[in-house]
Amino acid sequence: MPKRYEELKSQLPVSRLSIDVLLALRVLYDKPESEVELRQQIAELSRDPSKLELGYRSEWEAYVLRELVLDLKQYTQRSPAAFIDSVLSRIESLKNNNPDYKAYKQQVSETMSAHDRTTPLFPTPWRQQLMMLLLPVTTVKPLKPAE
């Protein structure tokens with residue numbers, strides 16, 4: 001992976017996302033080989049809610065970060081704005097149309113309330129969080145044909 005993508009990975013603030021936005025990105029970038037793993041993790045939350053903060057969150061952050069950078073590499077010939085618009089529209093579609101995401105979100109919400117969290121589940125609007133996450137993408141320069 002070129003150095004600029006490694007630098008970008010260090011700049012993307014996935015740890016500042018609320019759990020619902022992180023979950024949406026995790027579902028968005030889910031692949032068939034990791035789909036079963038996510039489904040199992042969500043199911044385990046009903047038995048052990050502490051796993052969300054003790055392990056799954058960091059796993060999801062790493063997964064989303066890796067997949068986000070790989071996704072960005074596919075957009076090297078387009079503007080960063082086109083990439084950001086693409087992610088925003090896919091997330092919006094996922095929120096409205098993906099039954100797996102809705103079921104996962106319900107389970108995570110129940111986990112959070114069962115775990116008696118004092119911080120709100122939805123602290124800031126989705127778009128604001130996603131823009132905060134994706135803004136560093138604008139610093140990536142397009143690849144030249146020789147790279």
# chains A, B, ... in the order shown; residues from 1 in each chain; ligands from 1
>>> select_by_dssp(residues="chain A", states="alpha helix (DSSP H)", output="ChimeraX atom specification")
/A:3-11,19-28,32-45,51,57-73,80-97,99-114,126-134
>>> residues_around(residues="Met131 in chain A", least_positions_apart="5", cutoff="10 Å", atoms="only C-alpha atoms", output="number ranges by chain")
A: 84-85, 87-88, 126, 136-137
>>> residues_around(residues="Arg66 in chain A", least_positions_apart="4", cutoff="8 Å", atoms="only C-alpha atoms", output="VMD selection string")
chain A and resid 9 62 70
>>> atom_distance(atom1="CA of Ala82 in chain A", atom2="CA of Arg16 in chain A")
23.2 Å
>>> residues_around(residues="Arg127 in chain A", least_positions_apart="4", cutoff="10 Å", atoms="only C-alpha atoms", output="PyMOL selection string")
chain A and resi 21+88+91-92+131-133
>>> closest_residue(among="A:Asn97, A:Gln74, A:Gln129, A:Ser50", to="Asp20 in chain A", atoms="only C-alpha atoms")
A:Gln129
>>> atom_distance(atom1="CA of Ser58 in chain A", atom2="CA of Pro99 in chain A")
24.0 Å
>>> atom_distance(atom1="CA of Gln128 in chain A", atom2="CA of Gly55 in chain A")
25.5 Å
>>> closest_residue(among="A:Val69, A:Met112, A:Val64, A:Leu54", to="Arg26 in chain A", atoms="only C-alpha atoms")
A:Val64
>>> decode(residues="range 11-25 of chain A", atoms="all heavy atoms", output="PDB file, in the first residue's frame")
ATOM      1  N   GLN A  11      -4.934   9.073   9.829  1.00  0.00           N
ATOM      2  CA  GLN A  11      -5.669  10.323   9.988  1.00  0.00           C
ATOM      3  C   GLN A  11      -7.181  10.125  10.119  1.00  0.00           C
ATOM      4  O   GLN A  11      -7.878  11.025  10.571  1.00  0.00           O
ATOM      5  CB  GLN A  11      -5.424  11.253   8.795  1.00  0.00           C
ATOM      6  CG  GLN A  11      -4.017  11.734   8.672  1.00  0.00           C
ATOM      7  CD  GLN A  11      -3.828  12.558   7.391  1.00  0.00           C
ATOM      8  OE1 GLN A  11      -4.785  12.969   6.763  1.00  0.00           O
ATOM      9  NE2 GLN A  11      -2.587  12.765   7.024  1.00  0.00           N
ATOM     10  N   LEU A  12      -7.699   8.989   9.705  1.00  0.00           N
ATOM     11  CA  LEU A  12      -9.144   8.776   9.736  1.00  0.00           C
ATOM     12  C   LEU A  12      -9.606   8.485  11.169  1.00  0.00           C
ATOM     13  O   LEU A  12      -9.194   7.495  11.760  1.00  0.00           O
ATOM     14  CB  LEU A  12      -9.539   7.628   8.803  1.00  0.00           C
ATOM     15  CG  LEU A  12      -9.324   7.890   7.321  1.00  0.00           C
ATOM     16  CD1 LEU A  12      -9.604   6.631   6.509  1.00  0.00           C
ATOM     17  CD2 LEU A  12     -10.176   9.035   6.833  1.00  0.00           C
ATOM     18  N   PRO A  13     -10.458   9.324  11.710  1.00  0.00           N
ATOM     19  CA  PRO A  13     -10.841   9.219  13.124  1.00  0.00           C
ATOM     20  C   PRO A  13     -11.995   8.243  13.393  1.00  0.00           C
ATOM     21  O   PRO A  13     -13.029   8.621  13.934  1.00  0.00           O
ATOM     22  CB  PRO A  13     -11.243  10.654  13.456  1.00  0.00           C
ATOM     23  CG  PRO A  13     -11.791  11.185  12.168  1.00  0.00           C
ATOM     24  CD  PRO A  13     -10.968  10.534  11.080  1.00  0.00           C
ATOM     25  N   VAL A  14     -11.815   6.984  13.057  1.00  0.00           N
ATOM     26  CA  VAL A  14     -12.895   6.015  13.250  1.00  0.00           C
ATOM     27  C   VAL A  14     -13.263   5.844  14.721  1.00  0.00           C
ATOM     28  O   VAL A  14     -14.404   5.525  15.032  1.00  0.00           O
ATOM     29  CB  VAL A  14     -12.582   4.636  12.613  1.00  0.00           C
ATOM     30  CG1 VAL A  14     -12.529   4.724  11.116  1.00  0.00           C
ATOM     31  CG2 VAL A  14     -11.320   4.051  13.166  1.00  0.00           C
ATOM     32  N   SER A  15     -12.323   6.081  15.598  1.00  0.00           N
ATOM     33  CA  SER A  15     -12.605   5.909  17.027  1.00  0.00           C
ATOM     34  C   SER A  15     -13.594   6.957  17.549  1.00  0.00           C
ATOM     35  O   SER A  15     -14.178   6.779  18.611  1.00  0.00           O
ATOM     36  CB  SER A  15     -11.319   5.965  17.842  1.00  0.00           C
ATOM     37  OG  SER A  15     -10.719   7.239  17.722  1.00  0.00           O
ATOM     38  N   ARG A  16     -13.804   8.026  16.805  1.00  0.00           N
ATOM     39  CA  ARG A  16     -14.724   9.079  17.239  1.00  0.00           C
ATOM     40  C   ARG A  16     -16.153   8.871  16.733  1.00  0.00           C
ATOM     41  O   ARG A  16     -17.034   9.651  17.049  1.00  0.00           O
ATOM     42  CB  ARG A  16     -14.199  10.437  16.772  1.00  0.00           C
ATOM     43  CG  ARG A  16     -12.887  10.793  17.478  1.00  0.00           C
ATOM     44  CD  ARG A  16     -12.284  12.081  17.027  1.00  0.00           C
ATOM     45  NE  ARG A  16     -13.228  13.181  17.053  1.00  0.00           N
ATOM     46  CZ  ARG A  16     -13.051  14.309  16.403  1.00  0.00           C
ATOM     47  NH1 ARG A  16     -11.973  14.497  15.673  1.00  0.00           N
ATOM     48  NH2 ARG A  16     -13.953  15.273  16.467  1.00  0.00           N
ATOM     49  N   LEU A  17     -16.368   7.817  15.961  1.00  0.00           N
ATOM     50  CA  LEU A  17     -17.714   7.549  15.450  1.00  0.00           C
ATOM     51  C   LEU A  17     -18.590   6.941  16.527  1.00  0.00           C
ATOM     52  O   LEU A  17     -18.125   6.158  17.350  1.00  0.00           O
ATOM     53  CB  LEU A  17     -17.641   6.576  14.263  1.00  0.00           C
ATOM     54  CG  LEU A  17     -16.912   7.055  13.018  1.00  0.00           C
ATOM     55  CD1 LEU A  17     -16.821   5.922  12.001  1.00  0.00           C
ATOM     56  CD2 LEU A  17     -17.590   8.263  12.427  1.00  0.00           C
ATOM     57  N   SER A  18     -19.860   7.283  16.486  1.00  0.00           N
ATOM     58  CA  SER A  18     -20.794   6.611  17.384  1.00  0.00           C
ATOM     59  C   SER A  18     -20.933   5.163  16.919  1.00  0.00           C
ATOM     60  O   SER A  18     -20.637   4.828  15.770  1.00  0.00           O
ATOM     61  CB  SER A  18     -22.150   7.319  17.377  1.00  0.00           C
ATOM     62  OG  SER A  18     -22.735   7.234  16.098  1.00  0.00           O
ATOM     63  N   ILE A  19     -21.404   4.317  17.808  1.00  0.00           N
ATOM     64  CA  ILE A  19     -21.490   2.894  17.489  1.00  0.00           C
ATOM     65  C   ILE A  19     -22.450   2.622  16.338  1.00  0.00           C
ATOM     66  O   ILE A  19     -22.218   1.721  15.534  1.00  0.00           O
ATOM     67  CB  ILE A  19     -21.837   2.055  18.744  1.00  0.00           C
ATOM     68  CG1 ILE A  19     -21.554   0.567  18.512  1.00  0.00           C
ATOM     69  CG2 ILE A  19     -23.261   2.294  19.189  1.00  0.00           C
ATOM     70  CD1 ILE A  19     -20.103   0.226  18.354  1.00  0.00           C
ATOM     71  N   ASP A  20     -23.507   3.427  16.192  1.00  0.00           N
ATOM     72  CA  ASP A  20     -24.454   3.177  15.108  1.00  0.00           C
ATOM     73  C   ASP A  20     -23.846   3.501  13.746  1.00  0.00           C
ATOM     74  O   ASP A  20     -24.072   2.790  12.773  1.00  0.00           O
ATOM     75  CB  ASP A  20     -25.775   3.908  15.330  1.00  0.00           C
ATOM     76  CG  ASP A  20     -25.625   5.408  15.435  1.00  0.00           C
ATOM     77  OD1 ASP A  20     -24.663   5.873  16.078  1.00  0.00           O
ATOM     78  OD2 ASP A  20     -26.472   6.122  14.873  1.00  0.00           O
ATOM     79  N   VAL A  21     -23.047   4.556  13.663  1.00  0.00           N
ATOM     80  CA  VAL A  21     -22.391   4.896  12.397  1.00  0.00           C
ATOM     81  C   VAL A  21     -21.302   3.870  12.093  1.00  0.00           C
ATOM     82  O   VAL A  21     -21.159   3.421  10.955  1.00  0.00           O
ATOM     83  CB  VAL A  21     -21.829   6.335  12.421  1.00  0.00           C
ATOM     84  CG1 VAL A  21     -21.030   6.633  11.159  1.00  0.00           C
ATOM     85  CG2 VAL A  21     -22.959   7.345  12.579  1.00  0.00           C
ATOM     86  N   LEU A  22     -20.543   3.479  13.104  1.00  0.00           N
ATOM     87  CA  LEU A  22     -19.517   2.457  12.910  1.00  0.00           C
ATOM     88  C   LEU A  22     -20.155   1.151  12.435  1.00  0.00           C
ATOM     89  O   LEU A  22     -19.650   0.503  11.507  1.00  0.00           O
ATOM     90  CB  LEU A  22     -18.744   2.232  14.216  1.00  0.00           C
ATOM     91  CG  LEU A  22     -17.635   1.196  14.154  1.00  0.00           C
ATOM     92  CD1 LEU A  22     -16.547   1.588  13.150  1.00  0.00           C
ATOM     93  CD2 LEU A  22     -17.035   0.994  15.539  1.00  0.00           C
ATOM     94  N   LEU A  23     -21.270   0.778  13.038  1.00  0.00           N
ATOM     95  CA  LEU A  23     -21.979  -0.436  12.619  1.00  0.00           C
ATOM     96  C   LEU A  23     -22.433  -0.327  11.166  1.00  0.00           C
ATOM     97  O   LEU A  23     -22.287  -1.277  10.393  1.00  0.00           O
ATOM     98  CB  LEU A  23     -23.174  -0.702  13.535  1.00  0.00           C
ATOM     99  CG  LEU A  23     -24.065  -1.881  13.148  1.00  0.00           C
ATOM    100  CD1 LEU A  23     -23.298  -3.197  13.209  1.00  0.00           C
ATOM    101  CD2 LEU A  23     -25.299  -1.934  14.054  1.00  0.00           C
ATOM    102  N   ALA A  24     -22.966   0.820  10.788  1.00  0.00           N
ATOM    103  CA  ALA A  24     -23.413   0.999   9.401  1.00  0.00           C
ATOM    104  C   ALA A  24     -22.246   0.842   8.432  1.00  0.00           C
ATOM    105  O   ALA A  24     -22.383   0.186   7.389  1.00  0.00           O
ATOM    106  CB  ALA A  24     -24.072   2.372   9.232  1.00  0.00           C
ATOM    107  N   LEU A  25     -21.107   1.421   8.759  1.00  0.00           N
ATOM    108  CA  LEU A  25     -19.933   1.267   7.893  1.00  0.00           C
ATOM    109  C   LEU A  25     -19.453  -0.181   7.873  1.00  0.00           C
ATOM    110  O   LEU A  25     -19.043  -0.694   6.827  1.00  0.00           O
ATOM    111  CB  LEU A  25     -18.802   2.197   8.346  1.00  0.00           C
ATOM    112  CG  LEU A  25     -19.023   3.673   8.047  1.00  0.00           C
ATOM    113  CD1 LEU A  25     -18.062   4.543   8.851  1.00  0.00           C
ATOM    114  CD2 LEU A  25     -18.878   3.949   6.546  1.00  0.00           C
TER     115      LEU A  25
END
